Each structure stands twice: as structure tokens, then as C-alpha cells.
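Q: Handing over model-v3.txt, compact mmCIF, C-alpha atoms.
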```txt
# COMPACT_ATOMS: atom_id res chain seq x y z
CA GLY X 1 62.22 -105.76 154.16
CA GLU X 2 65.14 -106.11 156.54
CA ASN X 3 65.72 -109.38 158.40
CA VAL X 4 68.08 -109.58 161.38
CA GLU X 5 69.30 -112.88 162.79
CA GLN X 6 70.99 -112.94 166.20
CA HIS X 7 73.04 -115.71 167.81
CA PRO X 8 73.32 -117.21 170.30
CA SER X 9 69.98 -116.93 172.08
CA THR X 10 71.66 -117.68 175.40
CA LEU X 11 75.28 -117.18 176.42
CA SER X 12 76.71 -118.23 179.76
CA VAL X 13 80.23 -117.14 180.76
CA GLN X 14 82.38 -116.91 183.84
CA GLU X 15 83.22 -113.52 185.27
CA GLY X 16 86.31 -112.16 183.53
CA ASP X 17 85.73 -114.08 180.30
CA SER X 18 84.88 -112.43 177.00
CA ALA X 19 81.47 -112.64 175.36
CA VAL X 20 80.64 -112.30 171.67
CA ILE X 21 77.17 -111.90 170.18
CA LYS X 22 76.72 -112.02 166.42
CA CYS X 23 74.07 -110.62 164.10
CA THR X 24 73.49 -110.86 160.39
CA TYR X 25 71.25 -108.64 158.29
CA SER X 26 69.75 -108.92 154.85
CA ASP X 27 69.36 -105.38 153.47
CA SER X 28 72.66 -104.19 152.04
CA ALA X 29 71.35 -100.60 152.18
CA SER X 30 71.18 -100.65 156.01
CA ASN X 31 73.73 -98.26 157.46
CA TYR X 32 73.08 -98.00 161.19
CA PHE X 33 73.59 -100.86 163.66
CA PRO X 34 72.80 -100.26 167.34
CA TRP X 35 73.06 -102.58 170.32
CA TYR X 36 70.66 -102.38 173.24
CA LYS X 37 71.03 -103.84 176.72
CA GLN X 38 67.87 -104.68 178.64
CA GLU X 39 68.14 -105.65 182.27
CA LEU X 40 65.26 -107.53 183.84
CA GLY X 41 62.27 -105.26 184.26
CA LYS X 42 64.05 -102.28 182.72
CA ARG X 43 63.87 -100.40 179.46
CA PRO X 44 66.21 -101.21 176.54
CA GLN X 45 69.26 -98.99 176.76
CA LEU X 46 71.42 -98.02 173.79
CA ILE X 47 74.96 -99.06 174.73
CA ILE X 48 76.89 -98.73 171.48
CA ASP X 49 76.25 -98.30 167.80
CA ILE X 50 78.14 -98.34 164.54
CA ARG X 51 77.53 -96.78 161.17
CA SER X 52 78.45 -98.26 157.84
CA ASN X 53 81.41 -95.98 157.25
CA VAL X 54 83.20 -97.48 160.27
CA GLY X 55 84.52 -101.03 160.73
CA GLU X 56 85.00 -101.08 164.48
CA LYS X 57 84.07 -98.97 167.47
CA LYS X 58 85.12 -99.36 171.10
CA ASP X 59 83.85 -97.97 174.36
CA GLN X 60 85.76 -99.22 177.37
CA ARG X 61 84.97 -102.96 177.70
CA ILE X 62 82.55 -103.14 174.80
CA ALA X 63 83.26 -103.05 171.09
CA VAL X 64 81.26 -103.56 167.93
CA THR X 65 82.62 -104.73 164.59
CA LEU X 66 80.91 -104.46 161.22
CA ASN X 67 81.56 -106.40 158.04
CA LYS X 68 79.41 -104.85 155.33
CA THR X 69 80.54 -107.28 152.67
CA ALA X 70 79.38 -110.25 154.70
CA LYS X 71 76.46 -108.29 156.21
CA HIS X 72 77.24 -109.15 159.78
CA PHE X 73 78.13 -107.26 162.93
CA SER X 74 79.16 -108.39 166.38
CA LEU X 75 79.20 -107.15 169.96
CA HIS X 76 82.28 -107.97 172.02
CA ILE X 77 82.35 -107.61 175.80
CA THR X 78 85.68 -108.15 177.53
CA GLU X 79 86.36 -108.81 181.20
CA THR X 80 82.70 -109.57 181.82
CA GLN X 81 81.17 -108.70 185.17
CA PRO X 82 77.96 -109.94 186.82
CA GLU X 83 76.33 -106.58 186.08
CA ASP X 84 76.73 -107.33 182.36
CA SER X 85 74.04 -110.01 182.79
CA ALA X 86 71.10 -108.86 180.67
CA VAL X 87 69.37 -109.43 177.34
CA TYR X 88 71.18 -107.80 174.43
CA PHE X 89 69.41 -106.85 171.21
CA CYS X 90 71.05 -105.95 167.94
CA ALA X 91 69.23 -103.95 165.29
CA ALA X 92 69.73 -102.68 161.78
CA ASN X 93 68.17 -99.71 160.03
CA GLY X 94 68.70 -96.88 157.68
CA GLY X 95 68.09 -98.82 154.52
CA GLY X 96 66.37 -96.49 152.07
CA GLY X 97 66.51 -93.73 154.66
CA SER X 98 64.21 -95.62 157.04
CA TYR X 99 64.32 -94.58 160.70
CA ILE X 100 62.67 -97.82 161.72
CA PRO X 101 65.04 -100.45 163.17
CA THR X 102 64.60 -104.17 162.74
CA PHE X 103 65.56 -105.93 165.96
CA GLY X 104 67.15 -109.31 166.47
CA ARG X 105 65.51 -111.80 168.81
CA GLY X 106 67.90 -111.05 171.65
CA THR X 107 70.69 -112.83 173.52
CA SER X 108 70.41 -113.58 177.20
CA LEU X 109 73.90 -113.13 178.66
CA ILE X 110 74.53 -114.69 182.06
CA VAL X 111 77.80 -113.88 183.80
CA HIS X 112 78.57 -116.23 186.66
CA PRO X 113 80.60 -114.77 189.54
CA SER Q 114 70.01 -87.71 176.13
CA ALA Q 115 66.49 -86.94 177.30
CA VAL Q 116 64.14 -87.85 180.11
CA ILE Q 117 61.31 -90.01 178.80
CA SER Q 118 58.45 -90.93 181.09
CA GLN Q 119 55.39 -93.12 180.67
CA LYS Q 120 52.14 -93.35 182.56
CA PRO Q 121 50.91 -95.64 183.94
CA SER Q 122 53.89 -97.83 184.76
CA ARG Q 123 51.59 -100.83 185.07
CA ASP Q 124 47.91 -101.62 185.05
CA ILE Q 125 45.55 -104.55 185.32
CA CYS Q 126 42.48 -104.18 183.13
CA GLN Q 127 39.38 -106.18 182.35
CA ARG Q 128 38.76 -107.52 178.89
CA GLY Q 129 36.67 -105.28 176.68
CA THR Q 130 37.94 -102.06 178.25
CA SER Q 131 40.49 -99.58 176.89
CA LEU Q 132 43.67 -98.13 178.34
CA THR Q 133 45.48 -94.99 177.27
CA ILE Q 134 49.23 -94.87 177.81
CA GLN Q 135 51.01 -91.55 177.90
CA CYS Q 136 54.57 -90.80 176.82
CA GLN Q 137 56.23 -87.52 177.78
CA VAL Q 138 59.67 -86.28 176.69
CA ASP Q 139 61.51 -83.35 178.21
CA SER Q 140 62.68 -82.04 174.84
CA GLN Q 141 61.07 -81.58 171.46
CA VAL Q 142 61.39 -84.55 169.13
CA THR Q 143 60.00 -85.16 165.67
CA MET Q 144 59.83 -88.92 165.69
CA MET Q 145 58.21 -91.04 168.38
CA PHE Q 146 57.60 -94.74 168.18
CA TRP Q 147 55.40 -97.21 170.03
CA TYR Q 148 56.55 -100.78 170.60
CA ARG Q 149 55.12 -103.90 172.16
CA GLN Q 150 57.32 -106.41 173.96
CA GLN Q 151 55.80 -109.69 175.03
CA PRO Q 152 57.49 -111.62 177.84
CA GLY Q 153 60.86 -113.00 176.77
CA GLN Q 154 60.46 -111.61 173.28
CA SER Q 155 62.02 -108.94 171.13
CA LEU Q 156 60.62 -105.51 170.37
CA THR Q 157 57.78 -105.22 167.86
CA LEU Q 158 57.02 -101.83 166.37
CA ILE Q 159 53.34 -100.88 166.52
CA ALA Q 160 53.50 -97.48 164.83
CA THR Q 161 55.51 -94.36 164.16
CA ALA Q 162 53.98 -91.13 165.46
CA ASN Q 163 55.28 -87.92 163.94
CA GLN Q 164 53.85 -84.61 165.02
CA GLY Q 165 51.57 -83.07 162.46
CA SER Q 166 50.78 -86.24 160.60
CA GLU Q 167 48.76 -89.41 161.04
CA ALA Q 168 50.52 -92.30 162.72
CA THR Q 169 51.97 -94.94 160.42
CA TYR Q 170 51.08 -98.47 161.52
CA GLU Q 171 53.10 -101.62 160.95
CA SER Q 172 51.64 -104.74 159.45
CA GLY Q 173 49.32 -106.45 161.91
CA PHE Q 174 48.43 -103.30 163.83
CA VAL Q 175 45.41 -101.13 163.02
CA ILE Q 176 44.26 -97.70 164.08
CA ASP Q 177 40.93 -98.93 165.44
CA LYS Q 178 42.73 -101.18 167.92
CA PHE Q 179 45.69 -98.90 168.71
CA PRO Q 180 44.72 -95.26 168.16
CA ILE Q 181 47.60 -92.86 168.65
CA SER Q 182 47.67 -89.16 169.28
CA ARG Q 183 50.63 -86.81 168.85
CA PRO Q 184 49.39 -83.36 169.79
CA ASN Q 185 52.83 -81.73 170.13
CA LEU Q 186 56.56 -82.37 169.94
CA THR Q 187 56.89 -83.65 173.53
CA PHE Q 188 53.87 -85.88 174.05
CA SER Q 189 52.07 -88.88 172.59
CA THR Q 190 49.42 -91.36 173.67
CA LEU Q 191 48.71 -94.92 172.66
CA THR Q 192 45.31 -96.42 173.40
CA VAL Q 193 44.82 -100.16 173.56
CA SER Q 194 41.14 -100.63 172.73
CA ASN Q 195 38.68 -103.42 173.45
CA MET Q 196 41.36 -105.36 175.27
CA SER Q 197 41.72 -109.11 175.39
CA PRO Q 198 44.21 -111.24 177.38
CA GLU Q 199 46.37 -111.41 174.22
CA ASP Q 200 47.06 -107.70 174.66
CA SER Q 201 48.90 -108.39 177.91
CA SER Q 202 52.38 -107.10 177.23
CA ILE Q 203 54.84 -104.30 177.91
CA TYR Q 204 54.25 -101.21 175.81
CA LEU Q 205 57.20 -98.89 175.24
CA CYS Q 206 57.53 -95.53 173.60
CA SER Q 207 60.81 -94.42 172.10
CA VAL Q 208 62.15 -91.28 170.51
CA ASP Q 209 64.75 -90.43 167.92
CA LEU Q 210 66.28 -87.39 169.59
CA THR Q 211 68.40 -86.04 166.81
CA GLY Q 212 67.09 -87.61 163.63
CA THR Q 213 70.19 -89.78 163.44
CA TYR Q 214 68.49 -93.17 164.02
CA GLU Q 215 69.45 -93.37 167.72
CA GLN Q 216 66.37 -94.41 169.68
CA TYR Q 217 65.87 -93.95 173.39
CA PHE Q 218 63.13 -95.79 175.22
CA GLY Q 219 60.68 -94.88 177.92
CA PRO Q 220 60.41 -97.11 180.99
CA GLY Q 221 57.47 -99.05 179.61
CA THR Q 222 53.92 -99.81 180.71
CA ARG Q 223 53.23 -103.34 181.88
CA LEU Q 224 49.65 -104.22 180.93
CA THR Q 225 47.81 -107.26 182.20
CA VAL Q 226 44.36 -108.02 180.82
CA THR Q 227 42.16 -110.38 182.81
```
Can I see the file as C-alpha cells?

A:
Amino acid sequence: GENVEQHPSTLSVQEGDSAVIKCTYSDSASNYFPWYKQELGKRPQLIIDIRSNVGEKKDQRIAVTLNKTAKHFSLHITETQPEDSAVYFCAANGGGGSYIPTFGRGTSLIVHP
Amino acid sequence: SAVISQKPSRDICQRGTSLTIQCQVDSQVTMMFWYRQQPGQSLTLIATANQGSEATYESGFVIDKFPISRPNLTFSTLTVSNMSPEDSSIYLCSVDLTGTYEQYFGPGTRLTVT
């Protein structure tokens, strides 16, 4: 089955800096890669996703890049703000037509004002 | 998007009892999922619940412990049976709204078993 590794587990940045979270996956058939943001005590929220026919996708201050050859994808947050502090989860699915995502272990992002 | 609600939002239960968690969506969806999230951990899929068919359980989860109902396209329940303190966790439902892999989560049910 699919295996998703996520790094780092904790990321501490100063407000205004950029943050990058990286994930690797094992199933070359996976074709959908979402990112979820989970604030403390809240539900995971889909913030951006990318499909395997696209290399990069941007939405304001966040962007996701995908390298299918290397089987890794990354979340980039620019001009970080304290409200970006949360746990971020990457996931991969779609391999073999599966609708079930495999989640990474999560990255706790702390943005210091 | 859709409005997804869960009941109860939290509960404290005694060991050996059962709790049924409800998940309601304001639009019809084919696929619903139930997850468990232990404190500080990632999301673990318990089962997939599609209307009109038996739930499909992931490795390590069994129907006797986590029976699921899916009576229609907007509603599902997950029961946590014969609870022990190890069942203390957050239980989340999610839906795939459009059949395009995008999952949206309910607010979760925080369960504490004493």
C-alpha cells in the first residue's frame, strides 16, 4: 500500500518568513495530493491540492509543487503570519482508483510574531 | 462545499458502555468516511461507508467494535462498542463531495472513556 513520509515534524519560523513542508510517497500510481490545515481543537481543513497532471499550483500565499519522478511534493507558505500556526497534513491517494488517502504524520508550524 | 455536523461534540463515557456518533451532511454524498485521531497524531481511517453497501473496514478495525450505519445519502452513524480507555480519541467523519478525492471533515467528536 501507499506510504507517506512528512518532514519536518515541527517547524518554527518568524512572522514574514517562508515555510516549506515536504512529503514523499511510495505508490507511483497515486495521482491526488491534498494538504490539510488543522488548528488546535478544530477539524482538518483542505487548503490546497494538486493532481498528477500539474507540477505547481498557487493560491495567494500558499503553493504546492509536485515531482512525480522523485515521488515528492511540497507545501510552500510565504509571508507567514501567526494565524498560519497549525498542524499541516499531507496526503496521497488515487492509486488504483482508490478514494482513500494515506496521510503523513503532520507538521506543527509555529509562526512567532 | 457542504455543511457537515456531528453529534455529540464531546462525551465522557464509562468503560464497557457504547456510544453512537452521528454525522449529518446538508447534501447527498456517495462516500463517507470515519476516522480516529488520537492526541497529537495523524488521521487513521476506520472505515468507508457507502450508501447501499456494507461498510469497508481498515486493518485493525472490526465491525463488532465499530458498527456503522449508512441509511441514506446524507447521514451515517459510528458506534464505539464496549469502550475501554484506549478508545479515548477524536472521531471524525468526512465526505467526498464530488467523487474527485477531495475530502471535507466534520467537526469531530471528542470521546473520553473513564

Q: Can I get the residues of chain X within 10 Å of chain Q, each with the closest pair of atoms and their distance in Å to one decimal, using all atoms listed in the file, sorted chain first then ascending number, as CSV?

A:
```
residue,atom,partner,partner_atom,distance
X:Asn31,CA,Q:Tyr214,CA,9.8
X:Tyr32,CA,Q:Tyr214,CA,7.2
X:Phe33,CA,Q:Tyr214,CA,9.2
X:Pro34,CA,Q:Glu215,CA,7.7
X:Tyr36,CA,Q:Tyr217,CA,9.7
X:Leu40,CA,Q:Gly153,CA,10.0
X:Gly41,CA,Q:Pro220,CA,9.0
X:Lys42,CA,Q:Pro220,CA,6.6
X:Arg43,CA,Q:Pro220,CA,5.0
X:Pro44,CA,Q:Phe218,CA,6.4
X:Gln45,CA,Q:Tyr217,CA,6.9
X:Leu46,CA,Q:Tyr217,CA,6.9
X:Ile48,CA,Q:Glu215,CA,9.9
X:Asp49,CA,Q:Glu215,CA,8.4
X:Val87,CA,Q:Gly153,CA,9.2
X:Tyr88,CA,Q:Ser155,CA,9.8
X:Phe89,CA,Q:Ser155,CA,7.7
X:Ala92,CA,Q:Tyr214,CA,9.8
X:Asn93,CA,Q:Tyr214,CA,7.7
X:Gly94,CA,Q:Tyr214,CA,7.3
X:Gly97,CA,Q:Tyr214,CA,9.6
X:Ser98,CA,Q:Tyr214,CA,8.5
X:Tyr99,CA,Q:Tyr214,CA,5.5
X:Ile100,CA,Q:Tyr214,CA,7.8
X:Pro101,CA,Q:Tyr214,CA,8.1
X:Thr102,CA,Q:Thr157,CA,8.6
X:Phe103,CA,Q:Leu156,CA,6.6
X:Gly104,CA,Q:Ser155,CA,6.9
X:Arg105,CA,Q:Ser155,CA,5.1
X:Gly106,CA,Q:Ser155,CA,6.3
X:Thr107,CA,Q:Ser155,CA,9.8
X:Ser108,CA,Q:Gly153,CA,9.6
```

Q: Write the selection just made, keeping C-alpha atoms, as an mmCIF file, in the frame of the given file?

A:
```cif
data_model
loop_
_atom_site.group_PDB
_atom_site.id
_atom_site.type_symbol
_atom_site.label_atom_id
_atom_site.label_comp_id
_atom_site.auth_asym_id
_atom_site.auth_seq_id
_atom_site.Cartn_x
_atom_site.Cartn_y
_atom_site.Cartn_z
ATOM 1 C CA ASN X 31 73.730 -98.260 157.460
ATOM 2 C CA TYR X 32 73.080 -98.000 161.190
ATOM 3 C CA PHE X 33 73.590 -100.860 163.660
ATOM 4 C CA PRO X 34 72.800 -100.260 167.340
ATOM 5 C CA TYR X 36 70.660 -102.380 173.240
ATOM 6 C CA LEU X 40 65.260 -107.530 183.840
ATOM 7 C CA GLY X 41 62.270 -105.260 184.260
ATOM 8 C CA LYS X 42 64.050 -102.280 182.720
ATOM 9 C CA ARG X 43 63.870 -100.400 179.460
ATOM 10 C CA PRO X 44 66.210 -101.210 176.540
ATOM 11 C CA GLN X 45 69.260 -98.990 176.760
ATOM 12 C CA LEU X 46 71.420 -98.020 173.790
ATOM 13 C CA ILE X 48 76.890 -98.730 171.480
ATOM 14 C CA ASP X 49 76.250 -98.300 167.800
ATOM 15 C CA VAL X 87 69.370 -109.430 177.340
ATOM 16 C CA TYR X 88 71.180 -107.800 174.430
ATOM 17 C CA PHE X 89 69.410 -106.850 171.210
ATOM 18 C CA ALA X 92 69.730 -102.680 161.780
ATOM 19 C CA ASN X 93 68.170 -99.710 160.030
ATOM 20 C CA GLY X 94 68.700 -96.880 157.680
ATOM 21 C CA GLY X 97 66.510 -93.730 154.660
ATOM 22 C CA SER X 98 64.210 -95.620 157.040
ATOM 23 C CA TYR X 99 64.320 -94.580 160.700
ATOM 24 C CA ILE X 100 62.670 -97.820 161.720
ATOM 25 C CA PRO X 101 65.040 -100.450 163.170
ATOM 26 C CA THR X 102 64.600 -104.170 162.740
ATOM 27 C CA PHE X 103 65.560 -105.930 165.960
ATOM 28 C CA GLY X 104 67.150 -109.310 166.470
ATOM 29 C CA ARG X 105 65.510 -111.800 168.810
ATOM 30 C CA GLY X 106 67.900 -111.050 171.650
ATOM 31 C CA THR X 107 70.690 -112.830 173.520
ATOM 32 C CA SER X 108 70.410 -113.580 177.200
#
```

Q: Using all atoms listed in the file, which of the listed residues (X:Pro8, X:Gly55, X:Gly16, X:Gly1) sits closest to X:His112?

A: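 Of X:Pro8, X:Gly55, X:Gly16, X:Gly1, the one nearest X:His112 is X:Gly16, counting all atoms listed in the file.
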
Q: So that I can see what lies close to stretch 188-194 of chain Q, please list as a ChimeraX atom specification the residues with an atom at most 7 Å from it, counting only C-alpha atoms and leaving out residues fewer than 4 positions away in the same chain.

A: /Q:130-138,178-184

Q: Quote the spacing between atom CA of Q:Ile159 and atom CA of X:Asp84 in Å to one decimal place.

A: 29.0 Å

Q: To one decimal place in Å, what is the distance between atom CA of Q:Gln151 and atom CA of Q:Ser202?

A: 4.8 Å

Q: Figure out the distance between atom CA of Q:Ser172 and atom CA of Q:Pro198, please, to one decimal in Å.

A: 20.5 Å

Q: Could you give me the centre and size, in Å to one decimal, of an axis-aligned box around all listed atoms of stretch 117-120 of chain Q with 8 Å added on every side, as AutoDock Vina command-line options?

A:
```
--center_x 56.7 --center_y -91.7 --center_z 180.7 --size_x 25.2 --size_y 19.3 --size_z 19.8
```

Q: Taking 5 positions as the minimum chain separation for residues in the same chain, which residues sit within 8 Å of X:His72 when counting only C-alpha atoms? Answer as an mmCIF file with C-alpha atoms, keeping the file's coordinate frame.

A:
```
data_model
loop_
_atom_site.group_PDB
_atom_site.id
_atom_site.type_symbol
_atom_site.label_atom_id
_atom_site.label_comp_id
_atom_site.auth_asym_id
_atom_site.auth_seq_id
_atom_site.Cartn_x
_atom_site.Cartn_y
_atom_site.Cartn_z
ATOM 1 C CA LYS X 22 76.720 -112.020 166.420
ATOM 2 C CA CYS X 23 74.070 -110.620 164.100
ATOM 3 C CA THR X 24 73.490 -110.860 160.390
ATOM 4 C CA TYR X 25 71.250 -108.640 158.290
ATOM 5 C CA LEU X 66 80.910 -104.460 161.220
ATOM 6 C CA ASN X 67 81.560 -106.400 158.040
#
```

Q: With all atoms listed in the file as the basis for distance, which of X:Lys68, X:His76, X:Arg61, X:His7 is at the shortest distance from X:Ala29?

A: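 Smallest separation from X:Ala29 among the options: X:Lys68.
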
Q: From the options Q:Cys126, Q:Val226, Q:Ala162, Q:Ala115, which residue's atoms come nearest to Q:Leu186, counting only C-alpha atoms?

A: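 With only C-alpha atoms as the atom set, the closest residue is Q:Ala162.
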